[in-house]
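Below is target_18.txt, holding compact mmCIF, C-alpha atoms.
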# COMPACT_ATOMS: atom_id res chain seq x y z
CA MET A 11 -12.28 41.48 -0.56
CA TYR A 12 -12.15 38.65 1.89
CA ALA A 13 -13.12 38.12 5.49
CA ARG A 14 -10.89 35.98 7.72
CA ILE A 15 -12.33 33.83 10.51
CA SER A 16 -9.94 32.41 13.11
CA HIS A 17 -10.54 29.87 15.81
CA GLY A 18 -8.40 28.47 18.58
CA SER A 19 -5.60 25.94 18.38
CA THR A 20 -3.28 24.29 20.83
CA PRO A 21 -0.89 26.54 22.76
CA GLY A 22 2.10 27.61 20.73
CA GLN A 23 0.37 27.03 17.39
CA PRO A 24 -1.14 29.75 15.19
CA PRO A 25 -4.94 29.98 15.03
CA ARG A 26 -6.60 28.15 12.16
CA GLU A 27 -8.06 30.52 9.60
CA VAL A 28 -10.58 30.29 6.77
CA MET A 29 -11.02 32.90 4.04
CA PHE A 30 -14.46 33.90 2.76
CA GLU A 31 -15.41 36.34 0.02
CA TRP A 32 -16.62 39.48 1.78
CA GLY A 33 -19.28 40.00 -0.86
CA ILE A 34 -20.93 36.72 0.06
CA LEU A 35 -21.07 37.71 3.71
CA MET A 36 -22.42 41.18 2.86
CA ASN A 37 -25.24 39.71 0.77
CA ILE A 38 -26.62 37.79 3.73
CA PRO A 39 -29.60 39.73 5.23
CA TRP A 40 -28.13 39.74 8.72
CA PRO A 41 -30.74 42.12 10.29
CA ARG A 42 -33.54 39.78 9.29
CA LEU A 43 -31.94 36.74 10.89
CA ARG A 44 -32.86 35.76 14.38
CA LYS A 45 -30.04 35.97 16.89
CA ALA A 46 -29.94 32.21 17.25
CA THR A 47 -29.28 31.81 13.53
CA VAL A 48 -25.90 33.54 13.39
CA PRO A 49 -24.16 31.19 15.86
CA THR A 50 -25.71 28.30 14.00
CA ILE A 51 -24.23 29.44 10.67
CA LEU A 52 -20.81 29.96 12.23
CA ALA A 53 -20.98 26.53 13.85
CA VAL A 54 -21.68 24.95 10.46
CA LEU A 55 -18.73 26.79 8.89
CA LEU A 56 -16.41 25.64 11.65
CA ALA A 57 -17.69 22.07 11.29
CA LEU A 58 -16.66 22.14 7.63
CA ILE A 59 -13.14 23.13 8.69
CA VAL A 60 -12.63 19.94 10.71
CA ALA A 61 -14.42 17.54 8.36
CA ALA A 62 -11.39 16.21 6.46
CA PRO A 63 -8.13 14.36 7.24
CA GLY A 64 -5.20 16.49 8.27
CA THR A 65 -7.32 19.17 9.97
CA SER A 66 -6.78 17.99 13.52
CA ARG A 67 -4.70 19.99 15.93
CA ALA A 68 -1.75 17.69 15.34
CA ALA A 69 -1.70 18.65 11.66
CA ALA A 70 -2.98 22.21 11.90
CA GLY A 71 0.39 23.73 12.68
CA SER A 72 2.29 21.78 10.03
CA THR A 73 3.99 23.33 7.04
CA LYS A 74 5.31 22.11 3.73
CA SER A 75 8.27 19.81 4.31
CA GLY A 76 10.90 18.40 2.01
CA VAL A 77 12.90 20.25 -0.64
CA ASP A 78 12.20 20.06 -4.35
CA ALA A 79 15.17 18.40 -6.04
CA ASP A 80 16.79 19.89 -9.11
CA PRO A 81 15.40 17.77 -11.98
CA SER A 82 18.54 18.44 -14.02
CA GLN A 83 20.61 16.43 -11.55
CA PRO A 84 20.91 12.69 -12.27
CA VAL A 85 19.01 10.37 -9.95
CA THR A 86 19.72 6.66 -10.00
CA CYS A 87 16.55 4.58 -10.16
CA PRO A 88 14.65 3.10 -8.45
CA CYS A 89 13.37 6.67 -8.02
CA THR A 90 10.95 8.11 -5.50
CA LEU A 91 9.30 11.47 -4.88
CA TRP A 92 10.77 11.73 -1.40
CA ALA A 93 14.35 11.16 -0.33
CA PRO A 94 15.12 8.63 2.43
CA THR A 95 15.90 11.57 4.74
CA ASP A 96 12.58 13.36 4.08
CA GLN A 97 9.99 13.02 6.81
CA PRO A 98 6.83 14.72 8.10
CA SER A 99 6.99 17.91 10.12
CA SER A 100 3.94 16.96 12.18
CA GLY A 101 3.08 14.05 14.42
CA PRO A 102 0.37 11.49 13.65
CA ASP A 103 -3.16 12.75 13.13
CA PRO A 104 -5.45 11.74 16.04
CA ASP A 105 -8.04 10.43 13.58
CA GLU A 106 -8.50 6.67 14.17
CA VAL A 107 -10.79 5.96 11.21
CA ALA A 108 -9.65 3.59 8.44
CA THR A 109 -8.49 5.84 5.60
CA GLU A 110 -6.98 5.45 2.12
CA LEU A 111 -4.32 8.13 1.60
CA GLY A 112 -2.57 8.98 -1.63
CA VAL A 113 -0.68 11.31 -3.93
CA LYS A 114 -1.15 12.18 -7.59
CA PHE A 115 2.05 11.98 -9.61
CA GLN A 116 3.53 11.91 -13.12
CA ALA A 117 6.80 10.70 -14.62
CA ASP A 118 8.73 12.57 -17.30
CA ARG A 119 9.44 9.33 -19.19
CA ASP A 120 7.86 5.94 -19.75
CA GLY A 121 8.70 3.38 -17.10
CA TYR A 122 7.33 1.09 -14.41
CA ILE A 123 5.91 1.54 -10.94
CA THR A 124 7.30 -1.38 -8.99
CA GLY A 125 5.99 -0.53 -5.52
CA VAL A 126 4.69 2.02 -3.01
CA ARG A 127 6.21 3.62 0.09
CA PHE A 128 4.68 5.52 2.99
CA TRP A 129 5.99 7.22 6.10
CA LYS A 130 4.84 5.41 9.22
CA ASP A 131 4.52 6.77 12.73
CA ALA A 132 4.62 4.25 15.58
CA ALA A 133 0.94 5.04 16.25
CA ASN A 134 -0.03 4.02 12.68
CA THR A 135 -0.82 0.37 13.40
CA GLY A 136 -2.49 -2.53 11.61
CA THR A 137 -1.99 -4.24 8.27
CA HIS A 138 -1.21 -1.74 5.52
CA THR A 139 -1.72 -2.20 1.78
CA GLY A 140 -0.24 -0.17 -1.08
CA THR A 141 -2.06 0.44 -4.36
CA LEU A 142 -1.43 2.06 -7.75
CA TRP A 143 -4.46 3.63 -9.48
CA SER A 144 -5.16 5.29 -12.78
CA ALA A 145 -6.40 8.88 -12.56
CA ALA A 146 -9.90 7.56 -13.29
CA GLY A 147 -9.81 5.17 -10.33
CA ALA A 148 -8.89 1.85 -11.97
CA ARG A 149 -6.88 -0.33 -9.60
CA LEU A 150 -3.65 -1.25 -11.43
CA ALA A 151 -1.77 -3.13 -8.69
CA THR A 152 -1.94 -3.74 -4.96
CA ALA A 153 0.22 -5.47 -2.35
CA THR A 154 0.36 -5.94 1.42
CA PHE A 155 3.22 -4.50 3.46
CA THR A 156 5.15 -7.07 5.50
CA GLY A 157 8.07 -6.88 7.91
CA GLU A 158 7.37 -3.25 8.79
CA SER A 159 9.58 -1.35 11.19
CA GLU A 160 8.01 0.52 14.09
CA SER A 161 8.32 3.83 12.27
CA GLY A 162 9.93 5.45 9.24
CA TRP A 163 9.64 4.71 5.53
CA GLN A 164 7.94 1.41 4.66
CA GLN A 165 7.99 -0.13 1.17
CA VAL A 166 6.09 -2.90 -0.58
CA ASN A 167 6.87 -4.22 -4.06
CA PHE A 168 4.22 -5.34 -6.52
CA ALA A 169 4.37 -8.86 -7.92
CA GLN A 170 5.21 -7.25 -11.26
CA GLY A 171 5.97 -3.70 -12.30
CA VAL A 172 3.13 -1.69 -13.86
CA ALA A 173 4.00 0.13 -17.09
CA ILE A 174 3.18 3.85 -16.98
CA THR A 175 3.22 6.54 -19.67
CA ALA A 176 5.18 9.79 -19.50
CA GLY A 177 3.08 12.83 -18.60
CA THR A 178 0.08 10.75 -17.46
CA THR A 179 -1.32 11.21 -13.96
CA TYR A 180 -1.52 8.24 -11.60
CA VAL A 181 -2.30 7.88 -7.90
CA ALA A 182 -0.19 5.96 -5.37
CA SER A 183 -1.96 5.23 -2.09
CA TYR A 184 -1.86 3.18 1.07
CA GLN A 185 -4.52 2.03 3.51
CA ALA A 186 -4.17 3.09 7.17
CA PRO A 187 -6.69 0.73 8.83
CA ASN A 188 -6.51 2.46 12.21
CA GLY A 189 -5.86 6.02 11.09
CA ARG A 190 -3.04 7.91 12.86
CA TYR A 191 -1.46 8.79 9.51
CA ASN A 192 0.91 11.73 9.03
CA ALA A 193 -0.59 14.79 7.33
CA ASP A 194 1.29 18.00 6.53
CA GLN A 195 -1.11 20.69 5.36
CA GLY A 196 0.17 22.82 2.49
CA GLY A 197 2.78 20.22 1.60
CA LEU A 198 1.55 20.01 -1.99
CA THR A 199 0.63 23.64 -2.58
CA THR A 200 3.49 23.79 -5.09
CA ALA A 201 4.78 21.02 -7.33
CA HIS A 202 7.32 18.66 -5.79
CA VAL A 203 9.91 17.39 -8.30
CA ARG A 204 12.56 14.76 -7.69
CA GLY A 205 14.33 13.16 -10.62
CA PRO A 206 11.82 11.86 -13.18
CA LEU A 207 8.84 12.11 -10.79
CA THR A 208 6.57 15.07 -10.10
CA ALA A 209 3.76 15.50 -7.61
CA PRO A 210 1.89 18.35 -9.34
CA ALA A 211 0.74 21.40 -7.43
CA SER A 212 -2.67 20.87 -5.91
CA GLU A 213 -4.19 23.81 -7.80
CA THR A 214 -3.13 22.47 -11.21
CA ALA A 215 -3.99 18.83 -10.43
CA GLY A 216 -7.58 19.36 -9.34
CA GLY A 217 -6.39 18.85 -5.78
CA ASN A 218 -3.40 16.83 -4.62
CA GLY A 219 -2.93 14.94 -1.45
CA VAL A 220 -5.98 12.67 -1.72
CA TYR A 221 -7.92 10.56 0.75
CA LEU A 222 -11.00 8.40 1.19
CA TYR A 223 -12.55 7.32 4.47
CA GLY A 224 -12.76 3.53 4.31
CA ALA A 225 -11.14 1.60 1.46
CA GLY A 226 -11.14 2.37 -2.25
CA PHE A 227 -9.99 5.03 -4.68
CA PRO A 228 -8.97 8.20 -2.81
CA ASP A 229 -10.41 11.21 -4.64
CA SER A 230 -11.13 13.77 -1.90
CA THR A 231 -8.64 16.53 -1.06
CA TRP A 232 -8.10 18.98 1.77
CA ASN A 233 -5.81 21.97 1.97
CA ASP A 234 -3.06 20.59 -0.33
CA THR A 235 -2.12 18.07 2.37
CA ASN A 236 0.88 15.78 1.94
CA TYR A 237 0.03 12.37 3.39
CA TRP A 238 3.56 11.08 2.76
CA VAL A 239 2.83 8.43 0.15
CA ASP A 240 5.44 7.66 -2.49
CA PRO A 241 5.53 5.67 -5.77
CA VAL A 242 8.63 3.62 -6.59
CA PHE A 243 9.63 4.20 -10.23
CA ASN A 244 12.01 2.27 -12.48
CA THR A 245 12.86 2.83 -16.13
CA THR A 246 12.67 -0.94 -16.69
CA ASP A 247 10.66 -3.67 -15.01
CA THR A 248 13.28 -4.92 -12.59
CA ARG A 249 11.45 -8.13 -11.83
CA GLY A 250 12.06 -11.28 -13.78
CA PRO A 251 9.49 -13.92 -14.72
CA ALA A 252 7.67 -15.79 -11.98
CA PRO A 253 9.24 -19.07 -10.82
CA ALA A 254 7.89 -22.27 -12.34
CA VAL A 255 7.87 -25.87 -11.10
CA ILE A 256 9.75 -28.12 -13.53
CA GLU A 257 9.63 -31.41 -11.62
CA ILE A 258 7.21 -32.86 -9.07
CA SER A 259 7.20 -36.03 -6.99
CA PRO A 260 4.85 -37.84 -6.62
CA ARG A 261 3.81 -37.04 -10.18
CA PRO A 262 0.36 -35.57 -10.88
CA GLY A 263 -2.21 -38.38 -11.06
CA GLU A 264 0.23 -41.02 -9.77
CA THR A 265 -1.35 -43.96 -7.90
CA SER A 266 -0.07 -46.56 -5.42
CA VAL A 267 2.36 -44.06 -3.93
CA PRO A 268 4.28 -45.60 -0.99
CA VAL A 269 3.16 -44.20 2.35
CA GLY A 270 6.70 -43.26 3.38
CA THR A 271 7.16 -40.95 0.41
CA ASN A 272 8.36 -37.38 0.80
CA LEU A 273 6.94 -34.72 -1.52
CA THR A 274 9.38 -32.73 -3.65
CA ALA A 275 9.20 -29.92 -6.19
CA THR A 276 12.03 -28.41 -8.23
CA PHE A 277 11.92 -24.82 -9.51
CA ASP A 278 13.40 -23.34 -12.67
CA ARG A 279 15.14 -20.60 -10.66
CA GLU A 280 16.11 -19.84 -7.09
CA VAL A 281 13.31 -18.90 -4.72
CA GLN A 282 13.00 -17.41 -1.26
CA PRO A 283 12.80 -20.36 1.18
CA SER A 284 10.57 -18.48 3.63
CA THR A 285 7.87 -18.12 0.95
CA ILE A 286 7.48 -21.85 0.23
CA HIS A 287 4.15 -23.10 1.57
CA TRP A 288 2.96 -26.68 1.08
CA VAL A 289 -0.77 -27.30 1.49
CA ILE A 290 -1.62 -31.03 1.56
CA MET A 291 -5.18 -32.26 2.09
CA TYR A 292 -6.78 -35.68 2.29
CA GLY A 293 -10.05 -37.13 3.54
CA GLU A 294 -12.31 -34.46 5.03
CA GLY A 295 -9.77 -31.67 4.79
CA SER A 296 -7.10 -33.24 7.00
CA TYR A 297 -3.65 -31.67 6.91
CA PRO A 298 -0.75 -34.01 7.74
CA PRO A 299 1.98 -32.24 9.77
CA GLY A 300 5.49 -32.19 8.45
CA THR A 301 8.69 -30.25 7.81
CA THR A 302 9.56 -28.12 4.77
CA THR A 303 13.17 -27.76 3.61
CA TYR A 304 14.83 -26.12 0.59
CA ASN A 305 18.08 -26.96 -1.21
CA ALA A 306 19.30 -23.84 -3.01
CA ALA A 307 21.89 -25.77 -5.01
CA THR A 308 19.26 -27.96 -6.67
CA ARG A 309 16.38 -25.43 -6.27
CA THR A 310 14.32 -28.24 -4.73
CA THR A 311 11.88 -28.07 -1.84
CA THR A 312 10.93 -31.15 0.18
CA PHE A 313 7.95 -31.78 2.43
CA ASP A 314 8.68 -34.56 4.94
CA PRO A 315 5.50 -35.75 6.72
CA THR A 316 5.92 -36.29 10.44
CA ASP A 317 4.27 -39.73 10.10
CA ASN A 318 3.83 -42.03 7.13
CA LEU A 319 0.89 -41.20 4.93
CA PRO A 320 -2.03 -43.57 5.66
CA PHE A 321 -2.80 -46.60 3.52
CA GLY A 322 -6.18 -47.21 1.98
CA GLY A 323 -5.89 -45.53 -1.40
CA TYR A 324 -6.33 -42.01 -0.06
CA SER A 325 -6.41 -39.25 -2.65
CA TYR A 326 -4.20 -36.31 -1.75
CA SER A 327 -4.56 -32.76 -3.07
CA VAL A 328 -1.34 -30.75 -3.01
CA GLU A 329 -0.72 -27.03 -3.51
CA LEU A 330 2.42 -24.91 -3.54
CA ILE A 331 1.40 -21.33 -2.81
CA GLY A 332 3.05 -17.94 -2.35
CA VAL A 333 6.49 -18.95 -3.65
CA LYS A 334 8.60 -15.92 -4.63
CA SER A 335 11.74 -15.59 -6.73
CA LEU A 336 14.73 -13.78 -5.24
CA ASP A 337 13.51 -10.50 -6.76
CA GLY A 338 10.02 -10.96 -5.32
CA THR A 339 8.00 -12.19 -8.30
CA VAL A 340 5.21 -14.47 -7.06
CA MET A 341 4.67 -17.88 -8.64
CA PRO A 342 1.05 -18.74 -9.47
CA THR A 343 -0.30 -21.52 -7.25
CA VAL A 344 0.67 -25.00 -8.47
CA SER A 345 -1.71 -27.85 -7.60
CA TRP A 346 -1.93 -31.57 -8.33
CA GLN A 347 -3.21 -34.86 -6.90
CA PHE A 348 -1.89 -38.34 -6.19
CA THR A 349 -3.20 -41.49 -4.47
CA THR A 350 -1.47 -43.64 -1.85
CA ALA A 351 -1.18 -47.42 -2.02
CA ALA A 352 -4.30 -49.41 -1.16
CA GLY A 353 -2.68 -51.58 1.53
CA PRO A 354 0.57 -52.63 3.19
CA PRO A 355 3.18 -54.04 0.82
CA ILE A 356 3.22 -57.87 0.62
CA THR A 357 6.42 -59.38 1.97
Starting from the file, lay out its structure as structure tokens.
Amino acid sequence: MYARISHGSTPGQPPREVMFEWGILMNIPWPRLRKATVPTILAVLLALIVAAPGTSRAAAGSTKSGVDADPSQPVTCPCTLWAPTDQPSSGPDPDEVATELGVKFQADRDGYITGVRFWKDAANTGTHTGTLWSAAGARLATATFTGESESGWQQVNFAQGVAITAGTTYVASYQAPNGRYNADQGGLTTAHVRGPLTAPASETAGGNGVYLYGAGFPDSTWNDTNYWVDPVFNTTDTRGPAPAVIEISPRPGETSVPVGTNLTATFDREVQPSTIHWVIMYGEGSYPPGTTTYNAATRTTTFDPTDNLPFGGYSYSVELIGVKSLDGTVMPTVSWQFTTAAGPPIT
């Protein structure tokens, strides 16, 4: 037998309830306890109710949302657990503590996780990161979300897809630095299946819908809560190799470089112009201003200093950082040095 304890909620929402084994309550020697002890015990029990994400009033009245897809129906990858039209049934949780929120999942075939999605409420602010973990807590990939919309589904792609094995459990998570995440209690009480992906039922997965206050591997659970996190699955790694620089001017180690020289680099494939970042240093960390351009036809980027580089045999350190191919693969940082001419040319 069980005893049910209810406590208040916001108007229009059902009371929150917790089930206890009646035998446990009966074994407590109530007559021997002082009157002040009973309220204390009840206060502790109620404190446990509100000690985890998704237990605030905003989430308390939520129910399981989304519809399990028929796995026999074909789904064109990239594949996700949740359809673009799926969304939370509750508003943002009032919790404003930095929290890592995730979901355990499996795929029915070998493939690659190429990114992470999460549902964002307008109140869920700050810089978000997405991470793929092994079931044991090993970080397999992470990336920072950019260009987010005010609300709705947000997606970040990893620099390279991570190979996963059929039937193996992984965790996809995102960091909500200011809280205010969406949390639907009971959303993972039963398994959620869509195409090749499954979020196993909380009971069979050792808890699903996972969280961690702060940053790190989310391994705590509460009430089968769906925090609306989603892995992006592909049957092949859709990303090509990282770009590479095949020609540089001035050349690495070159000396007596004319002060009016522009810096150029040519890539072996097309890149995203907005991701080209030149870092040029000389002297005590000085950074000459200039303009960066990109010619897609020749795959060449040019840095044109605003003023001529100074004479005097200065040694320059150059880096190209953050350059991405058209499919988002990041090029490792390329660095080299050159030295300007020692004095004005003799005429």
Given the point (-3.6, 4.2, 18.2) in the file's coordinates, find the residues that have an atom at most 10 Å from it, counting only C-alpha atoms, and give them as a list in words.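 Counting only C-alpha atoms, I find these residues within 10 Å of (-3.6, 4.2, 18.2): Pro102, Asp103, Pro104, Asp105, Glu106, Ala132, Ala133, Asn134, Thr135, Gly136, Asn188, Gly189 and Arg190 of chain A.
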File dump, residues just selected, C-alpha atoms, as a PDB file, keeping the file's coordinate frame:
ATOM      1  CA  PRO A 102       0.370  11.490  13.650  1.00  0.00           C
ATOM      2  CA  ASP A 103      -3.160  12.750  13.130  1.00  0.00           C
ATOM      3  CA  PRO A 104      -5.450  11.740  16.040  1.00  0.00           C
ATOM      4  CA  ASP A 105      -8.040  10.430  13.580  1.00  0.00           C
ATOM      5  CA  GLU A 106      -8.500   6.670  14.170  1.00  0.00           C
ATOM      6  CA  ALA A 132       4.620   4.250  15.580  1.00  0.00           C
ATOM      7  CA  ALA A 133       0.940   5.040  16.250  1.00  0.00           C
ATOM      8  CA  ASN A 134      -0.030   4.020  12.680  1.00  0.00           C
ATOM      9  CA  THR A 135      -0.820   0.370  13.400  1.00  0.00           C
ATOM     10  CA  GLY A 136      -2.490  -2.530  11.610  1.00  0.00           C
ATOM     11  CA  ASN A 188      -6.510   2.460  12.210  1.00  0.00           C
ATOM     12  CA  GLY A 189      -5.860   6.020  11.090  1.00  0.00           C
ATOM     13  CA  ARG A 190      -3.040   7.910  12.860  1.00  0.00           C
TER      14      ARG A 190
END
Any idea what's packed within 9 Å of A:Ala176, counting all atoms listed in the file, ignoring anything in its chain fewer than 2 positions away? Could you give it as number ranges by chain? A: 116-121, 174, 178-179
So which residues touch A:Gly270 within 8 Å, counting all atoms listed in the file, skipping near sequence neighbours fewer than 3 positions away, as a list in words?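 Once the nearby chain positions are removed, what remains is Asp317, Asn318 and Leu319 of chain A.
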Selected residues, C-alpha atoms, written as a PDB file, in the frame of the given file, please.
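Result saved to again_5.pdb:
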ATOM      1  CA  ASP A 317       4.270 -39.730  10.100  1.00  0.00           C
ATOM      2  CA  ASN A 318       3.830 -42.030   7.130  1.00  0.00           C
ATOM      3  CA  LEU A 319       0.890 -41.200   4.930  1.00  0.00           C
TER       4      LEU A 319
END
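Between A:Asp314 and the candidates A:Thr86, A:Thr271, A:Gln282, A:Thr339, the tightest atom-to-atom separation, counting all atoms listed in the file, involves A:Thr271.
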So the first atom is atom CA of A:Asn305 and the second is atom CA of A:Ser345; what is the distance between them in Å, to one decimal place?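 Taking atom CA of A:Asn305 as the start and atom CA of A:Ser345 as the end point, the length is 20.8 Å.
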